[in-house]
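The next block is protein.pdb, given as PDB, C-alpha atoms.
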MODEL        1
ATOM      1  CA  MET B   1      23.194 -13.049  32.258
ATOM      2  CA  LYS B   2      22.348 -13.610  35.890
ATOM      3  CA  ASN B   3      23.860 -10.957  38.141
ATOM      4  CA  THR B   4      26.135 -12.560  40.682
ATOM      5  CA  HIS B   5      27.398  -9.338  42.263
ATOM      6  CA  PRO B   6      24.902  -7.841  44.740
ATOM      7  CA  LEU B   7      24.618  -4.219  43.565
ATOM      8  CA  GLN B   8      21.626  -2.268  44.778
ATOM      9  CA  GLY B   9      20.503  -1.184  41.305
ATOM     10  CA  ASN B  10      20.800  -4.489  39.424
ATOM     11  CA  GLU B  11      17.040  -4.833  38.934
ATOM     12  CA  ALA B  12      16.814  -1.237  37.683
ATOM     13  CA  ALA B  13      19.641  -1.917  35.196
ATOM     14  CA  GLU B  14      17.785  -4.941  33.859
ATOM     15  CA  ARG B  15      14.546  -2.914  33.549
ATOM     16  CA  ILE B  16      16.433  -0.259  31.549
ATOM     17  CA  VAL B  17      17.901  -2.851  29.156
ATOM     18  CA  ARG B  18      14.503  -4.516  28.742
ATOM     19  CA  TYR B  19      12.843  -1.139  28.193
ATOM     20  CA  PHE B  20      15.146  -0.329  25.286
ATOM     21  CA  GLN B  21      14.806  -3.815  23.849
ATOM     22  CA  ALA B  22      11.002  -3.555  23.998
ATOM     23  CA  ASN B  23      11.195  -0.221  22.158
ATOM     24  CA  GLY B  24      13.040  -1.598  19.153
ATOM     25  CA  PHE B  25      16.628  -1.375  20.379
ATOM     26  CA  ALA B  26      17.374  -5.098  20.476
ATOM     27  CA  GLY B  27      21.121  -4.439  20.464
ATOM     28  CA  ILE B  28      21.112  -2.680  23.853
ATOM     29  CA  THR B  29      22.244  -5.604  25.976
ATOM     30  CA  GLU B  30      24.057  -3.945  28.865
ATOM     31  CA  ALA B  31      23.409  -1.150  31.348
ATOM     32  CA  LEU B  32      25.844  -0.063  34.040
ATOM     33  CA  ILE B  33      24.312   2.393  36.490
ATOM     34  CA  ILE B  34      26.847   4.657  38.159
ATOM     35  CA  ARG B  35      26.461   7.037  41.079
ATOM     36  CA  ILE B  36      28.399  10.293  40.703
ATOM     37  CA  ARG B  37      29.314  12.734  43.477
ATOM     38  CA  VAL B  38      31.531  15.824  43.378
ATOM     39  CA  LYS B  39      34.617  15.447  45.588
ATOM     40  CA  ALA B  40      36.245  18.825  44.919
ATOM     41  CA  GLY B  41      35.667  22.023  43.004
ATOM     42  CA  ASP B  42      32.685  23.788  41.523
ATOM     43  CA  ARG B  43      31.328  23.784  37.992
ATOM     44  CA  PRO B  44      33.462  26.610  36.538
ATOM     45  CA  GLU B  45      36.669  25.093  37.934
ATOM     46  CA  ILE B  46      35.786  21.561  36.848
ATOM     47  CA  ASP B  47      34.681  22.669  33.367
ATOM     48  CA  SER B  48      37.952  24.579  32.956
ATOM     49  CA  VAL B  49      40.095  21.620  33.999
ATOM     50  CA  PHE B  50      38.173  19.159  31.818
ATOM     51  CA  GLU B  51      38.376  21.526  28.833
ATOM     52  CA  ALA B  52      42.141  21.867  29.341
ATOM     53  CA  ALA B  53      42.438  18.065  29.403
ATOM     54  CA  HIS B  54      40.446  17.876  26.179
ATOM     55  CA  GLU B  55      42.655  20.482  24.476
ATOM     56  CA  GLN B  56      45.790  18.638  25.592
ATOM     57  CA  GLU B  57      44.265  15.309  24.496
ATOM     58  CA  VAL B  58      44.840  13.726  27.896
ATOM     59  CA  PRO B  59      42.337  11.828  30.044
ATOM     60  CA  PRO B  60      40.168  14.073  32.207
ATOM     61  CA  PRO B  61      40.953  14.077  35.947
ATOM     62  CA  VAL B  62      37.742  12.288  36.872
ATOM     63  CA  ARG B  63      39.027  10.787  40.134
ATOM     64  CA  GLN B  64      40.347  14.143  41.348
ATOM     65  CA  TYR B  65      36.945  15.811  41.065
ATOM     66  CA  PHE B  66      34.339  13.053  41.151
ATOM     67  CA  GLU B  67      33.557   9.902  43.025
ATOM     68  CA  VAL B  68      32.077   7.430  40.534
ATOM     69  CA  LYS B  69      30.795   4.148  41.907
ATOM     70  CA  PRO B  70      28.874   1.314  40.281
ATOM     71  CA  PHE B  71      25.304   1.123  41.471
ATOM     72  CA  GLY B  72      23.692  -1.467  39.229
ATOM     73  CA  HIS B  73      24.608  -3.730  36.335
ATOM     74  CA  PHE B  74      22.846  -5.956  33.888
ATOM     75  CA  SER B  75      24.268  -7.558  30.778
ATOM     76  CA  ASP B  76      23.259 -10.281  28.368
ATOM     77  CA  PHE B  77      26.913 -11.019  27.577
ATOM     78  CA  ARG B  78      29.186 -10.362  30.566
ATOM     79  CA  SER B  79      29.252 -10.412  34.334
ATOM     80  CA  PHE B  80      29.730  -7.375  36.547
ATOM     81  CA  ASP B  81      33.244  -8.566  37.404
ATOM     82  CA  GLU B  82      34.097  -8.701  33.668
ATOM     83  CA  ALA B  83      32.608  -5.223  33.115
ATOM     84  CA  LYS B  84      34.432  -3.853  36.161
ATOM     85  CA  SER B  85      37.786  -5.222  35.001
ATOM     86  CA  ALA B  86      37.291  -3.559  31.582
ATOM     87  CA  ILE B  87      35.941  -0.228  32.841
ATOM     88  CA  HIS B  88      39.150   1.684  32.066
ATOM     89  CA  THR B  89      38.828   0.862  28.374
ATOM     90  CA  ASP B  90      35.058   0.477  28.011
ATOM     91  CA  PHE B  91      34.056   3.734  29.754
ATOM     92  CA  THR B  92      35.734   5.753  27.024
ATOM     93  CA  GLN B  93      37.482   9.084  27.346
ATOM     94  CA  ALA B  94      34.769  10.703  25.201
ATOM     95  CA  LEU B  95      32.125   9.726  27.768
ATOM     96  CA  ARG B  96      34.338  10.539  30.772
ATOM     97  CA  MET B  97      34.832  14.069  29.428
ATOM     98  CA  GLU B  98      31.076  14.573  29.828
ATOM     99  CA  ILE B  99      30.807  13.595  33.510
ATOM    100  CA  PRO B 100      30.556  17.270  34.534
ATOM    101  CA  ARG B 101      27.511  17.671  32.246
ATOM    102  CA  VAL B 102      25.949  14.541  33.685
ATOM    103  CA  PHE B 103      26.462  15.800  37.210
ATOM    104  CA  PHE B 104      25.638  19.488  36.821
ATOM    105  CA  ASP B 105      23.056  19.680  34.002
ATOM    106  CA  PRO B 106      19.378  19.001  34.618
ATOM    107  CA  ALA B 107      17.954  15.767  33.223
ATOM    108  CA  PRO B 108      17.645  14.487  30.625
ATOM    109  CA  VAL B 109      21.252  14.377  29.421
ATOM    110  CA  VAL B 110      22.312  11.987  26.670
ATOM    111  CA  ILE B 111      25.888  11.668  25.420
ATOM    112  CA  ASP B 112      26.896   9.315  22.626
ATOM    113  CA  ASP B 113      30.344   7.998  21.801
ATOM    114  CA  ALA B 114      30.014   7.535  18.059
ATOM    115  CA  LEU B 115      33.331   5.667  17.923
ATOM    116  CA  ALA B 116      32.356   3.076  20.521
ATOM    117  CA  SER B 117      32.308  -0.504  19.333
ATOM    118  CA  GLY B 118      32.355  -3.952  20.842
ATOM    119  CA  THR B 119      32.202  -3.847  24.631
ATOM    120  CA  LYS B 120      32.775  -0.075  24.856
ATOM    121  CA  TYR B 121      29.791   1.879  26.183
ATOM    122  CA  ASP B 122      27.880   3.714  23.451
ATOM    123  CA  ALA B 123      25.949   6.204  25.549
ATOM    124  CA  LEU B 124      25.889   7.871  28.954
ATOM    125  CA  MET B 125      22.498   9.085  30.122
ATOM    126  CA  LYS B 126      21.076  10.974  33.056
ATOM    127  CA  ILE B 127      17.316  10.541  33.223
ATOM    128  CA  THR B 128      16.487  12.057  36.609
ATOM    129  CA  ASP B 129      17.813  15.103  38.406
ATOM    130  CA  ASN B 130      20.310  14.731  41.251
ATOM    131  CA  VAL B 131      19.126  13.355  44.581
ATOM    132  CA  ASP B 132      20.954  13.895  47.888
ATOM    133  CA  GLY B 133      24.076  15.241  46.156
ATOM    134  CA  TYR B 134      24.362  12.323  43.727
ATOM    135  CA  ALA B 135      23.730  12.062  40.009
ATOM    136  CA  ILE B 136      22.771   8.736  38.554
ATOM    137  CA  GLY B 137      24.327   7.972  35.178
ATOM    138  CA  ILE B 138      23.479   5.037  32.955
ATOM    139  CA  LEU B 139      26.069   3.602  30.604
ATOM    140  CA  LEU B 140      24.456   1.688  27.735
ATOM    141  CA  ASN B 141      26.129  -0.794  25.444
ATOM    142  CA  ASP B 142      25.171  -2.197  22.078
ATOM    143  CA  PRO B 143      28.151  -4.378  21.126
ATOM    144  CA  ASP B 144      27.124  -4.348  17.441
ATOM    145  CA  ALA B 145      26.345  -0.677  16.708
ATOM    146  CA  SER B 146      26.561   2.900  17.960
ATOM    147  CA  PHE B 147      23.427   3.846  19.877
ATOM    148  CA  LEU B 148      22.648   7.103  18.060
ATOM    149  CA  GLU B 149      23.567   5.622  14.681
ATOM    150  CA  TYR B 150      20.985   2.936  15.436
ATOM    151  CA  ILE B 151      18.364   5.606  16.115
ATOM    152  CA  GLY B 152      19.173   7.257  12.778
ATOM    153  CA  THR B 153      18.605   4.028  10.866
ATOM    154  CA  HIS B 154      15.252   3.305  12.511
ATOM    155  CA  HIS B 155      13.119   6.167  11.274
ATOM    156  CA  GLY B 156      10.002   4.926  13.032
ATOM    157  CA  LYS B 157      11.712   5.488  16.353
ATOM    158  CA  ASP B 158      11.199   9.073  17.522
ATOM    159  CA  TRP B 159      14.052   9.872  19.943
ATOM    160  CA  GLN B 160      12.087  12.555  21.806
ATOM    161  CA  GLN B 161       9.160  10.165  22.307
ATOM    162  CA  ILE B 162      11.500   7.402  23.473
ATOM    163  CA  MET B 163      13.199   9.792  25.935
ATOM    164  CA  GLY B 164       9.798  11.027  27.160
ATOM    165  CA  ASN B 165       8.567   7.483  27.684
ATOM    166  CA  LEU B 166      11.860   6.553  29.346
ATOM    167  CA  GLU B 167      11.536   9.512  31.733
ATOM    168  CA  ILE B 168       8.012   8.439  32.656
ATOM    169  CA  THR B 169       9.027   4.788  32.981
ATOM    170  CA  THR B 170      12.057   5.564  35.116
ATOM    171  CA  ALA B 171      10.658   8.457  37.160
ATOM    172  CA  SER B 172      10.122   5.988  39.978
ATOM    173  CA  LEU B 173      13.803   4.918  40.011
ATOM    174  CA  ALA B 174      14.801   7.633  42.476
ATOM    175  CA  SER B 175      12.126   6.526  44.903
ATOM    176  CA  GLU B 176      12.681   2.803  44.301
ATOM    177  CA  ILE B 177      16.446   2.915  44.713
ATOM    178  CA  ASN B 178      17.908   3.848  48.057
ATOM    179  CA  LEU B 179      20.819   6.124  47.157
ATOM    180  CA  LEU B 180      22.457   6.061  50.565
TER     181      LEU B 180
ENDMDL
END
Before anything else, please render the file you have as structure tokens.
Amino acid sequence: MKNTHPLQGNEAAERIVRYFQANGFAGITEALIIRIRVKAGDRPEIDSVFEAAHEQEVPPPVRQYFEVKPFGHFSDFRSFDEAKSAIHTDFTQALRMEIPRVFFDPAPVVIDDALASGTKYDALMKITDNVDGYAIGILLNDPDASFLEYIGTHHGKDWQQIMGNLEITTASLASEINLL
């Protein structure tokens, strides 16, 4: 689908989708790149609050602690405006709970939502370390299957090799994409 919304990372999002498709993951048809910044708190405080939310089975207080903004989008099946209007349901609670890991942990970080289906994002990845106080997260969507389940059914696809190749392929993203 042609991007009609001028996000800075649209071309990078398309390259990510095409990379996965070229490596045997034909179902990966959408990437939403998000830029994450801490607004308040430090890791111990944020981890404690997110864990409490998990134990109470309530949504994590993402907006209280993090600024999350779209940075790039590419999809074979929906526009950015459609993805943006569905973000509250498609960026699932399971993936939102892991935003502290995506921000604070060194790359690579890969989180899967095994229950995701349809337009819900299957995976949240961080492939490069933080730059200028921002983490870059990539939400991936395969509308027909769970991302990690797909890996398990394709035994010729070595996840570590794919991640290594993805790191090499995307190492230039930080320099190509102006984060400010």
*the PyMOL selection byres ((chain B and resi 110) around 7) applied to the shown file, residues as number ranges by chain*: B: 108-109, 111-112, 123-126
Within 7 Å of region 10-33 of chain B: each region 88-157 of chain B residue with its shortest pair, all atoms listed in the file, as a Markdown table:
| residue | atom | partner | partner_atom | distance |
| --- | --- | --- | --- | --- |
| B:Ile136 | CA | B:Ile33 | CA | 6.8 |
| B:Gly137 | CA | B:Ile33 | CA | 5.7 |
| B:Ile138 | CA | B:Ile33 | CA | 4.5 |
| B:Leu139 | CA | B:Leu32 | CA | 5.0 |
| B:Leu140 | CA | B:Ala31 | CA | 4.7 |
| B:Asn141 | CA | B:Glu30 | CA | 5.1 |
| B:Asp142 | CA | B:Ile28 | CA | 4.5 |
| B:Asp144 | CA | B:Gly27 | CA | 6.7 |
Quick one: everything within 7 Å of region 86-95 of chain B, counting all atoms listed in the file, minus sequence neighbours fewer than 6 positions away in the same chain. Send it as a short mmCIF file (atom, residue, chain, number, x, y, z; two decimals) with C-alpha atoms, in the coordinates of the input.
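Dumped to out_30.cif:
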data_model
loop_
_atom_site.label_atom_id
_atom_site.label_comp_id
_atom_site.auth_asym_id
_atom_site.auth_seq_id
_atom_site.Cartn_x
_atom_site.Cartn_y
_atom_site.Cartn_z
CA PRO B 59 42.34 11.83 30.04
CA ILE B 111 25.89 11.67 25.42
CA ASP B 113 30.34 8.00 21.80
CA THR B 119 32.20 -3.85 24.63
CA LYS B 120 32.78 -0.08 24.86
CA TYR B 121 29.79 1.88 26.18
CA LEU B 124 25.89 7.87 28.95
#
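Considering the residues B:Val38, B:Val49, B:Glu82, B:Pro44 and counting all atoms listed in the file, Tyr65 (chain B) has its shortest atom-to-atom contact with B:Val38.
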_Pick from B:Gly133, B:Pro60, B:Gly41, B:Pro143, whichever lies nearest to Arg78 (chain B) using all atoms listed in the file_ = B:Pro143
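Atom pair CA of Arg35 (chain B) / CA of Glu67 (chain B) has a distance of 7.9 Å (rounded to one decimal).
Straight-line separation from CA of Phe80 (chain B) to CA of Ala135 (chain B): 20.6 Å.
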Which residues, protein or nucleic acid, reach to within 12 Å of (32.4, 21.2, 41.6) in the file's coordinates when using all atoms listed in the file, and can you give that as a PDB file with C-alpha atoms, keeping the file's coordinate frame?
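Done, and the output landed in selection.pdb:
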ATOM      1  CA  ILE B  36      28.399  10.293  40.703  1.00  0.00           C
ATOM      2  CA  ARG B  37      29.314  12.734  43.477  1.00  0.00           C
ATOM      3  CA  VAL B  38      31.531  15.824  43.378  1.00  0.00           C
ATOM      4  CA  LYS B  39      34.617  15.447  45.588  1.00  0.00           C
ATOM      5  CA  ALA B  40      36.245  18.825  44.919  1.00  0.00           C
ATOM      6  CA  GLY B  41      35.667  22.023  43.004  1.00  0.00           C
ATOM      7  CA  ASP B  42      32.685  23.788  41.523  1.00  0.00           C
ATOM      8  CA  ARG B  43      31.328  23.784  37.992  1.00  0.00           C
ATOM      9  CA  PRO B  44      33.462  26.610  36.538  1.00  0.00           C
ATOM     10  CA  GLU B  45      36.669  25.093  37.934  1.00  0.00           C
ATOM     11  CA  ILE B  46      35.786  21.561  36.848  1.00  0.00           C
ATOM     12  CA  ASP B  47      34.681  22.669  33.367  1.00  0.00           C
ATOM     13  CA  SER B  48      37.952  24.579  32.956  1.00  0.00           C
ATOM     14  CA  VAL B  49      40.095  21.620  33.999  1.00  0.00           C
ATOM     15  CA  PHE B  50      38.173  19.159  31.818  1.00  0.00           C
ATOM     16  CA  VAL B  62      37.742  12.288  36.872  1.00  0.00           C
ATOM     17  CA  GLN B  64      40.347  14.143  41.348  1.00  0.00           C
ATOM     18  CA  TYR B  65      36.945  15.811  41.065  1.00  0.00           C
ATOM     19  CA  PHE B  66      34.339  13.053  41.151  1.00  0.00           C
ATOM     20  CA  GLU B  67      33.557   9.902  43.025  1.00  0.00           C
ATOM     21  CA  ILE B  99      30.807  13.595  33.510  1.00  0.00           C
ATOM     22  CA  PRO B 100      30.556  17.270  34.534  1.00  0.00           C
ATOM     23  CA  ARG B 101      27.511  17.671  32.246  1.00  0.00           C
ATOM     24  CA  PHE B 103      26.462  15.800  37.210  1.00  0.00           C
ATOM     25  CA  PHE B 104      25.638  19.488  36.821  1.00  0.00           C
ATOM     26  CA  GLY B 133      24.076  15.241  46.156  1.00  0.00           C
TER      27      GLY B 133
END
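Among the candidates B:Arg63, B:Met97, B:Phe77, B:Ala116, the residue lying nearest to Glu51 (chain B) is B:Met97 (atoms considered: all atoms listed in the file).
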Edge lengths and centre in Å to one decimal, as AutoDock Vina command-line options, of the axis-aligned box that encloses all listed atoms of region 128-131 of chain B with 5 Å added on every side?
--center_x 18.4 --center_y 13.6 --center_z 40.6 --size_x 13.8 --size_y 13.0 --size_z 18.0
